[in-house]
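Asks: Could you have a look at this structure, given as structure tokens, before my questions?
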Amino acid sequence: MSCVLKLNALVFDDIIFKRLGMHSDNDLEISFSVSIGTNITDQDIKKVSVKVMGEKREEYSFEVQASGFFAYEGNAEDSIIQQNAVAIVMPYIRSEVSLLTAQPGVESVVLPPFNIAEMMNK
């Protein structure tokens, strides 16, 4: 079984940073969501959107969403395509979160590598 997955385009849909206060000792809480669908104008293109939301109570919150538009050839299960597409989009999300939190008075956030297969099963 072979499959060629190609990223045709990647865009950031939302980039939000809200200052809630000055330094706090609260832990940063992070959550993710993934949505997968077909492109409205081209049914052969899969749109994969990954959103990360973070909040450090009493200091800041952020939200970053990126969408990748993927074409694929060959046969593969949707779950394999989805996992690989999310894995391709994640480094862009990780980089943008680091840039966004590199603000004066904020400790820059570097998201760790994630087990995409486990994340997709949740």
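Chain lettering (A, B, ...) mirrors the order of the structure tokens, residue numbering begins at 1 for each chain separately, and ligand numbering begins at 1 in order of display.
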Report as a PDB file with N, CA, C and O atoms, in the first residue's frame all protein, DNA and RNA residues lying within 9 Å of range 70-73 of chain A, evaluated on only C-alpha atoms, omitting residues in the same chain fewer than 6 positions from it.
Replies:
ATOM      1  N   SER A   2       0.786   2.046  -1.030  1.00  0.00           N
ATOM      2  CA  SER A   2       1.588   3.257  -1.082  1.00  0.00           C
ATOM      3  C   SER A   2       0.677   4.466  -1.149  1.00  0.00           C
ATOM      4  O   SER A   2      -0.424   4.416  -1.687  1.00  0.00           O
ATOM      5  N   CYS A   3       1.169   5.544  -0.586  1.00  0.00           N
ATOM      6  CA  CYS A   3       0.411   6.785  -0.567  1.00  0.00           C
ATOM      7  C   CYS A   3       1.399   7.934  -0.619  1.00  0.00           C
ATOM      8  O   CYS A   3       2.393   7.937   0.083  1.00  0.00           O
ATOM      9  N   VAL A   4       1.123   8.874  -1.470  1.00  0.00           N
ATOM     10  CA  VAL A   4       1.938  10.068  -1.533  1.00  0.00           C
ATOM     11  C   VAL A   4       1.076  11.231  -1.060  1.00  0.00           C
ATOM     12  O   VAL A   4       0.060  11.543  -1.671  1.00  0.00           O
ATOM     13  N   LEU A   5       1.491  11.831   0.036  1.00  0.00           N
ATOM     14  CA  LEU A   5       0.770  12.954   0.628  1.00  0.00           C
ATOM     15  C   LEU A   5       1.552  14.220   0.323  1.00  0.00           C
ATOM     16  O   LEU A   5       2.746  14.295   0.585  1.00  0.00           O
ATOM     17  N   LYS A   6       0.889  15.215  -0.240  1.00  0.00           N
ATOM     18  CA  LYS A   6       1.561  16.441  -0.640  1.00  0.00           C
ATOM     19  C   LYS A   6       0.854  17.641  -0.028  1.00  0.00           C
ATOM     20  O   LYS A   6      -0.358  17.804  -0.173  1.00  0.00           O
ATOM     21  N   LEU A   7       1.627  18.481   0.655  1.00  0.00           N
ATOM     22  CA  LEU A   7       1.101  19.725   1.208  1.00  0.00           C
ATOM     23  C   LEU A   7       1.081  20.768   0.098  1.00  0.00           C
ATOM     24  O   LEU A   7       2.126  21.202  -0.384  1.00  0.00           O
ATOM     25  N   ASN A   8      -0.112  21.153  -0.346  1.00  0.00           N
ATOM     26  CA  ASN A   8      -0.254  22.155  -1.410  1.00  0.00           C
ATOM     27  C   ASN A   8      -0.142  23.572  -0.865  1.00  0.00           C
ATOM     28  O   ASN A   8       0.368  24.459  -1.551  1.00  0.00           O
ATOM     29  N   ALA A   9      -0.670  23.803   0.326  1.00  0.00           N
ATOM     30  CA  ALA A   9      -0.646  25.142   0.917  1.00  0.00           C
ATOM     31  C   ALA A   9      -0.840  25.031   2.422  1.00  0.00           C
ATOM     32  O   ALA A   9      -1.440  24.071   2.909  1.00  0.00           O
ATOM     33  N   ASP A  44     -10.908  16.719  -4.079  1.00  0.00           N
ATOM     34  CA  ASP A  44      -9.744  15.840  -3.972  1.00  0.00           C
ATOM     35  C   ASP A  44      -8.709  16.368  -2.981  1.00  0.00           C
ATOM     36  O   ASP A  44      -7.711  15.717  -2.725  1.00  0.00           O
ATOM     37  N   ILE A  45      -8.928  17.556  -2.461  1.00  0.00           N
ATOM     38  CA  ILE A  45      -8.000  18.166  -1.511  1.00  0.00           C
ATOM     39  C   ILE A  45      -8.593  18.046  -0.106  1.00  0.00           C
ATOM     40  O   ILE A  45      -9.751  18.392   0.120  1.00  0.00           O
ATOM     41  N   LYS A  46      -7.785  17.544   0.835  1.00  0.00           N
ATOM     42  CA  LYS A  46      -8.198  17.468   2.240  1.00  0.00           C
ATOM     43  C   LYS A  46      -7.687  18.699   2.968  1.00  0.00           C
ATOM     44  O   LYS A  46      -6.528  19.086   2.828  1.00  0.00           O
ATOM     45  N   LYS A  47      -8.569  19.319   3.744  1.00  0.00           N
ATOM     46  CA  LYS A  47      -8.186  20.446   4.593  1.00  0.00           C
ATOM     47  C   LYS A  47      -8.038  19.926   6.014  1.00  0.00           C
ATOM     48  O   LYS A  47      -8.979  19.367   6.579  1.00  0.00           O
ATOM     49  N   VAL A  48      -6.851  20.105   6.572  1.00  0.00           N
ATOM     50  CA  VAL A  48      -6.566  19.658   7.932  1.00  0.00           C
ATOM     51  C   VAL A  48      -6.224  20.892   8.761  1.00  0.00           C
ATOM     52  O   VAL A  48      -5.246  21.582   8.477  1.00  0.00           O
ATOM     53  N   ILE A  81      -3.674   9.064   6.682  1.00  0.00           N
ATOM     54  CA  ILE A  81      -3.552  10.366   6.017  1.00  0.00           C
ATOM     55  C   ILE A  81      -3.698  11.476   7.058  1.00  0.00           C
ATOM     56  O   ILE A  81      -2.914  12.432   7.086  1.00  0.00           O
ATOM     57  N   ALA A  85      -0.831  14.159   8.023  1.00  0.00           N
ATOM     58  CA  ALA A  85      -1.120  15.567   7.732  1.00  0.00           C
ATOM     59  C   ALA A  85      -0.961  16.413   8.994  1.00  0.00           C
ATOM     60  O   ALA A  85      -0.359  17.492   8.956  1.00  0.00           O
TER      61      ALA A  85
END
Asks: Pick out each residue of chain A that DSSP on the backbone tags as strand (DSSP E); I need them as number ranges by chain.
Replies: A: 3-19, 28-38, 45-56, 60-74
Asks: What's the 6 Å shell around range 24-40 of chain A, counting only C-alpha atoms, without same-chain residues fewer than 2 positions away, as an MDAnalysis selection string?
Replies: chainID A and resid 42:43 45:56 59
Asks: Within range 7-100 of chain A, find each residue whose DSSP state, derived from the backbone, is helix (DSSP H, G or I), and express the selection as a PyMOL selection string.
Replies: chain A and resi 78-100
Asks: Show which residues sit within 7 Å of Asp13 in chain A, as a ChimeraX atom specification. Count only C-alpha atoms, and ignore same-chain residues fewer than 4 positions away.
Replies: /A:65-67
